[in-house]
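> Take this structure first; my questions come after.
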Amino acid sequence: MADKIREVILESGIPVKPVYGPEDLGAIDPARDIGKPGEFPFTRGIHPFMYRQRPFTMRQYAGFGMPHETNQRFKFLIENGQNALNVAFDLPTQMGLDSGDPLAEGEVGRVGMAVDTLADMEVAFAGIPLDQISVSLTINAVAAPIMAMYFVVAEKQGVPLNQVRGTAQNDILKEYIGRGAWIFPVEPAVRLIGDTIEFCARHAPKYYPVSVCGYHIRESGAHPVQEIAYAYAIAKEYIKRGLERGLGIDDFAGQISFNLDIYGNFFEQIAKFRAARRLWARIMKDEFGAQSPSTMMMKMIAGGGGGGLTIEQPENNIVRGAYYALISALSGTQTMALCSYDEAYTIPTEKAALISLRTMQILIEEMGIGDTVDPLGGSYYVESLTSEFEKRIAAEIKRVDEEWGGIVEAVSAGIVQGEVARQAYRFERGVQDGSIPKVGVNRFRMEEESRDVALHPYDPKQAEESIRRTAEVIAARDAGTVDSALQKVRDAASNGQNTMPALIEAVRAYATIGEITKTLKEVFGEYAEQVKL
Amino acid sequence: MPNKPIRVLIAKPGLDGHDRGARLVTLALRDAGFEVIYPGLHQTVEKIVETALQEDVNVIGLSILSGAHLPIAEKLMNQLREAGMDDKLVVVGGNIPAQDIPALKSLGVAGVFPSSSRFEEIVAFIQSRVVGVL
């Protein structure tokens with residue numbers, strides 16, 4: 001008797017047949033649904049020639065310790081062929097705390113660089129031309145003041161505001177779902193994002209003020225359909241805030257980009273990205289009335305995520321990373337990043353970060369991956385799965401809007417968080433009972449010698465140095481200028497004016513991130529987490 | 001066997017916001033019949049001790065992924081001792097390198113469950129250790 005055909009159901013709940021054929025393309029109209037690369041609905045890619053014309057950008061996440069160390073790592077990555085930077089900040093900075101704050105104890109410079117004042121940002125970007133290297137700032141709750149610092153540093157380098165390039169993560173709604181670096185209540189936090197969107201649209205039009213992160217939602221356990229659906233519900237909310245400021249849809253929505261995750265089933269991820277591009281184009285055109293093709297293009301960084309990596313047999317993660325890079329390229333991303341093989345247990349060592357960079361370089365330089373656009377386009381399976389994904393993502397967005405009262409309500413009440421946690425639990429139980437295979441964990445497990453992990457060293461002296469540096473900055477600045485600038489921040493926050501001009505004035509006067517955050521907290525209050533499990 | 005369910009406080013100390021593990025363990029321990037309190041992110045050690053006292057828990061489970069497990073565990077153990085609460089079973093989970101486990105145990109941490117530990121191990125460990133306490 002022949003072996004039984006296994007049943008296959010993807011993480012998103014979609015059943016997969018053993019064979020696909022022309023009959024599976026039945027409902028798909030090639031001209032309407034697939035189209036040409038660089039044309040609506042952009043299923044095959046947002047540029048007509050994709051990597052043939054311009055290889056994907058490689059942007060590894062880096063930044064640790066003191067600003068001068070981060071500056072050295074940046075220069076190392078640039079010398080090795082990386083063409084964009086992705087800045088990691090330490091947790092105190094992400095939470096709007098100065099290095100000397102008691103709550104910052106033990107955390108200064110641990111998972112990223114410590115920034116108290118503009119002086120730290122000046123050191124971090126010394127000798128790095130901000131008009132040539134594209135910098136991405138991984139900062140959310142205090143994105144507005146950190147962006148303000150970045151704009152002032154660029155200006156001091158001679159780059160005018162209307163020429164500044166770069167991206168801020170600045171997606172606070174996903175922080176309440178995953179990652180957890182929130183400070184203010186949901187409504188004023190989203191309003192700050194509206195401020196940055198409006199300010200950039202009017203004054204820094206080349207800057208990408210928001211990168212909406214499905215990535216962290218998926219890393220928190222959401223399945224791929226949920227990842228895109230919640231990210232899109234969030235993006236739509238930010239876009240509504242921009243429209244409320246009187247901006248036209250084509251004046252700003254094209255500057256909102258996406259940061260999406262790669263791990264799990266190979267074809268499921270590829271279909272996810274192709275479907276996401278098509279659905280975004282349709283949402284922008286049909287729901288928001290966009291006219292400009294650029295507004296309809298879903299621009300993304302697709303990163304190989306830590307969620308798929310294992311602590312067991314960690315060298316296997318190098319291989320996983322190579323597959324993730326391949327998925328990313330076959331999905332038509334503009335920018336690629338890869339978690340390093342040691343990232344399941346530490347901040348990447350220089351060697352591990354270099355292997356990730358080389359993985360992406362081998363793919364584009366040696367493998368011919370960029371020779372032709374969307375090589376999987378037209379595949380019976382991939383096109384069929386792409387259409388199924390589009391349907392399911394649209395249905396989940398509708399659930400957020402119609403059943404949960406919109407994303408702000410759903411996040412404030414902890415509904416999305418609970419949904420994601422339950423999915424994460426189902427998945428983890430599957431890994432633990434072996435029904436979801438994981439090599440080295442529930443398949444081909446080996447007794448491993450307990451290894452001494454080469455952790456990135458944490459130096460408690462960093463906190464002292466940062467505190468001392470900031471004390472010097474405070475001693476040298478003009479206290480009256482700082483006070484009046486902070487008063488303007490307070491006024492703008494409470495009377496509904498755009499806070500960005502006041503924030504720029506405050507950081508220019510070397511107000512600390514802690515002072516600015518405290519001022520905003522006095523007006524906005526603090527978020528009270530709703531745990532629904 | 002205790003005649004009332006084992007009560008557990010799952011706590012995320014410090015600034016780190018990665019709580020997938022804390023939420024998973026909360027759900028798994030509930031499925032095992034424990035009463036589990038997970039108050040959310042950004043808890044100070046003082047707040048954890050206060051909650052443990054108010055909720056009269058048997059077990060405190062710390063979830064730490066930032067790398068700051070040693071200083072945080074030390075602070076918690078000291079404060080529990082000062083509050084006369086050293087009967088609480090303290091376990092630590094998260095991103096804990098093997099070489100740090102002896103140091104955590106010498107601080108008085110009863111069990112360490114690094115990322116990817118199995119739920120059943122955590123449940124069995126707590127059941128084996130809390131019976132004697134009650």
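Please note that chains go A, B, ... in the order of the structure tokens, that every chain numbers its residues from 1, and that ligands are numbered from 1 in the order shown.
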Give me the residues of chain A that have any atom at most 10 Å from an atom of chain B; for each, the nearest atom pair and the distance in Å, rounded to one decimal. Use only C-alpha atoms, sort by chain and number, and format it as CSV.


residue,atom,partner,partner_atom,distance
A:Asp90,CA,B:Leu15,CA,9.8
A:Leu91,CA,B:Leu15,CA,6.2
A:Pro92,CA,B:Leu15,CA,7.2
A:Gln94,CA,B:Leu15,CA,9.0
A:Met95,CA,B:Leu15,CA,7.5
A:Leu103,CA,B:Gly14,CA,7.5
A:Ala104,CA,B:Leu15,CA,7.9
A:Glu105,CA,B:Gly14,CA,9.0
A:Gly106,CA,B:Ala68,CA,6.4
A:Glu107,CA,B:Ala68,CA,7.2
A:Arg110,CA,B:Ser66,CA,7.8
A:Val111,CA,B:Ser66,CA,7.2
A:Glu175,CA,B:Gly17,CA,8.5
A:Tyr176,CA,B:Gly17,CA,9.3
A:Ile177,CA,B:Asp19,CA,9.9
A:Gly178,CA,B:His18,CA,6.8
A:Arg179,CA,B:Gly17,CA,4.9
A:Gly180,CA,B:Gly17,CA,3.9
A:Ala181,CA,B:Gly17,CA,5.8
A:Trp182,CA,B:Gly17,CA,8.6
A:His216,CA,B:His18,CA,9.5
A:Glu219,CA,B:Arg20,CA,8.2
A:Ser220,CA,B:Arg20,CA,5.4
A:Gly221,CA,B:Arg20,CA,7.2
A:Thr310,CA,B:Ser116,CA,8.3
A:Ile311,CA,B:Ser116,CA,7.7
A:Glu312,CA,B:Ser116,CA,8.8
A:Ala344,CA,B:Asn95,CA,7.9
A:Tyr345,CA,B:Asn95,CA,5.9
A:Thr346,CA,B:Asn95,CA,8.0
A:Ile347,CA,B:Gly67,CA,9.4
A:Gln417,CA,B:Arg23,CA,9.9
A:Gly418,CA,B:Arg23,CA,9.2
A:Val420,CA,B:Arg20,CA,9.2
A:Ala421,CA,B:Arg23,CA,6.5
A:Arg422,CA,B:Leu24,CA,8.2
A:Gln423,CA,B:Leu24,CA,9.8
A:Ala424,CA,B:Leu24,CA,7.2
A:Tyr425,CA,B:Leu24,CA,5.6
A:Arg426,CA,B:Leu24,CA,9.3
A:Glu428,CA,B:Leu24,CA,8.0
A:Arg429,CA,B:Phe119,CA,8.6
A:Val431,CA,B:Ser116,CA,9.7
A:Gln432,CA,B:Arg118,CA,6.7
A:Asp433,CA,B:Arg118,CA,9.7
A:Val441,CA,B:Ser116,CA,8.5
A:Ser450,CA,B:Ala98,CA,6.4
A:Arg451,CA,B:Ala98,CA,7.1
A:Asp452,CA,B:Gln99,CA,6.0
A:Val453,CA,B:Pro97,CA,6.6
A:Ala454,CA,B:Pro97,CA,9.5
A:Leu455,CA,B:Pro97,CA,8.6
A:His456,CA,B:Gly67,CA,9.9
A:Tyr458,CA,B:Gly67,CA,8.9
A:Ala528,CA,B:Gly40,CA,9.4
A:Glu529,CA,B:Gly40,CA,6.5
A:Gln530,CA,B:Gly40,CA,7.8
A:Val531,CA,B:Gly40,CA,6.3
A:Lys532,CA,B:Tyr38,CA,9.5
A:Leu533,CA,B:Leu27,CA,7.4

> Can you pull out every residue from region 75-143 of chain A that DSSP, working from the backbone, puts in helix (DSSP H, G or I), and format the result as a PyMOL selection string?

chain A and resi 75-79+91-94+102-104+118-124+143

> How would the residues just picked look written out with C-alpha atoms as a PDB file, in the first residue's frame?


ATOM      1  CA  LYS A  75      31.987  52.621  10.277  1.00  0.00           C
ATOM      2  CA  PHE A  76      32.940  48.913  10.339  1.00  0.00           C
ATOM      3  CA  LEU A  77      29.666  47.965   8.622  1.00  0.00           C
ATOM      4  CA  ILE A  78      29.980  50.727   6.030  1.00  0.00           C
ATOM      5  CA  GLU A  79      33.586  49.717   5.236  1.00  0.00           C
ATOM      6  CA  LEU A  91      16.143  50.476  26.925  1.00  0.00           C
ATOM      7  CA  PRO A  92      16.427  53.633  29.083  1.00  0.00           C
ATOM      8  CA  THR A  93      16.549  55.761  25.927  1.00  0.00           C
ATOM      9  CA  GLN A  94      13.602  53.857  24.444  1.00  0.00           C
ATOM     10  CA  PRO A 102      17.220  55.004  39.073  1.00  0.00           C
ATOM     11  CA  LEU A 103      14.967  52.970  36.736  1.00  0.00           C
ATOM     12  CA  ALA A 104      17.824  52.842  34.188  1.00  0.00           C
ATOM     13  CA  LEU A 118      21.846  65.860  21.295  1.00  0.00           C
ATOM     14  CA  ALA A 119      25.547  65.615  22.193  1.00  0.00           C
ATOM     15  CA  ASP A 120      25.292  61.795  22.127  1.00  0.00           C
ATOM     16  CA  MET A 121      23.698  61.806  18.670  1.00  0.00           C
ATOM     17  CA  GLU A 122      26.442  64.166  17.436  1.00  0.00           C
ATOM     18  CA  VAL A 123      29.075  61.632  18.523  1.00  0.00           C
ATOM     19  CA  ALA A 124      27.191  58.630  17.092  1.00  0.00           C
ATOM     20  CA  ALA A 143      10.539  58.845  18.364  1.00  0.00           C
TER      21      ALA A 143
END

> Distance CA of Asn442 (chain A)-CA of Asn316 (chain A), one decimal place?

14.0 Å

> Neighbouring residues of Asp131 (chain A) were defined as those with any atom within 7 Å, considering only C-alpha atoms; residues of the same chain fewer than 4 positions away were excluded. Please report them as a list in words.

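Answer for this query is Val159, Val164 and Arg165 of chain A.
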
> Counting only C-alpha atoms, which of A:Thr512, A:Ser435, A:Gln269, A:Ser356 gets nearest to Leu97 (chain A)?

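Between A:Thr512, A:Ser435, A:Gln269, A:Ser356, the residue approaching Leu97 (chain A) most closely is A:Thr512.
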
> From a DSSP calculation on the backbone, collect every residue of region 203-278 of chain A in strand (DSSP E or B) and output the set as a ChimeraX atom specification.

/A:207-208,210-213,256-262

> Which residues are near Asn78 (chain B)? Cut-off 12 Å, only C-alpha atoms, ignore same chain within fewer than 4 positions. Put them as number ranges by chain.

B: 45-46, 49, 71-74, 82-86, 107-109

> Can I get the selected residues back with N, CA and C atoms, as an mmCIF file, in the first residue's frame?


data_model
loop_
_atom_site.group_PDB
_atom_site.id
_atom_site.type_symbol
_atom_site.label_atom_id
_atom_site.label_comp_id
_atom_site.auth_asym_id
_atom_site.auth_seq_id
_atom_site.Cartn_x
_atom_site.Cartn_y
_atom_site.Cartn_z
ATOM 1 N N VAL B 45 11.324 45.917 41.206
ATOM 2 C CA VAL B 45 11.472 44.830 42.176
ATOM 3 C C VAL B 45 10.590 45.108 43.399
ATOM 4 N N GLU B 46 10.526 46.356 43.837
ATOM 5 C CA GLU B 46 9.677 46.733 44.980
ATOM 6 C C GLU B 46 8.225 46.341 44.714
ATOM 7 N N VAL B 49 7.653 42.535 44.909
ATOM 8 C CA VAL B 49 7.578 42.048 46.294
ATOM 9 C C VAL B 49 6.216 42.394 46.889
ATOM 10 N N PRO B 71 21.844 41.093 38.296
ATOM 11 C CA PRO B 71 21.537 42.176 39.239
ATOM 12 C C PRO B 71 20.070 42.198 39.683
ATOM 13 N N ILE B 72 19.144 41.859 38.775
ATOM 14 C CA ILE B 72 17.723 41.904 39.154
ATOM 15 C C ILE B 72 17.406 40.802 40.166
ATOM 16 N N ALA B 73 17.916 39.596 39.914
ATOM 17 C CA ALA B 73 17.652 38.485 40.841
ATOM 18 C C ALA B 73 18.245 38.789 42.216
ATOM 19 N N GLU B 74 19.436 39.366 42.216
ATOM 20 C CA GLU B 74 20.078 39.684 43.494
ATOM 21 C C GLU B 74 19.227 40.672 44.296
ATOM 22 N N GLU B 82 14.584 40.725 53.335
ATOM 23 C CA GLU B 82 14.284 41.841 54.247
ATOM 24 C C GLU B 82 12.813 41.849 54.647
ATOM 25 N N ALA B 83 11.931 41.438 53.720
ATOM 26 C CA ALA B 83 10.494 41.447 54.000
ATOM 27 C C ALA B 83 10.055 40.166 54.714
ATOM 28 N N GLY B 84 11.021 39.293 55.031
ATOM 29 C CA GLY B 84 10.670 38.029 55.682
ATOM 30 C C GLY B 84 9.884 37.101 54.776
ATOM 31 N N MET B 85 10.116 37.222 53.493
ATOM 32 C CA MET B 85 9.353 36.408 52.533
ATOM 33 C C MET B 85 10.261 35.400 51.828
ATOM 34 N N ASP B 86 11.301 34.949 52.510
ATOM 35 C CA ASP B 86 12.223 34.046 51.810
ATOM 36 C C ASP B 86 11.664 32.635 51.668
ATOM 37 N N LEU B 107 22.391 32.722 44.508
ATOM 38 C CA LEU B 107 21.629 33.843 45.070
ATOM 39 C C LEU B 107 20.359 33.366 45.775
ATOM 40 N N GLY B 108 20.000 32.100 45.558
ATOM 41 C CA GLY B 108 18.791 31.570 46.180
ATOM 42 C C GLY B 108 17.661 31.305 45.198
ATOM 43 N N VAL B 109 17.931 31.493 43.914
ATOM 44 C CA VAL B 109 16.929 31.165 42.899
ATOM 45 C C VAL B 109 16.816 29.630 42.842
#

> Rank nothing, just name the residue among A:Phe40, A:Tyr232, A:Phe252, A:Phe288 nearest to Gly406 (chain A), using only C-alpha atoms.

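Of the candidates, the smallest distance to Gly406 (chain A) is held by A:Tyr232.
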
> Looking at A:Tyr208, A:Glu237, A:Glu388, A:Lys488, which one is nearest to Leu25 (chain A), with distances taken over only C-alpha atoms?

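Nearest candidate to Leu25 (chain A) out of A:Tyr208, A:Glu237, A:Glu388, A:Lys488: A:Glu388.
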
> So which residues touch Val112 (chain B) within 7 Å, counting only C-alpha atoms, skipping near sequence neighbours fewer than 5 positions away, as a ChimeraX atom specification?

/B:91-93,101
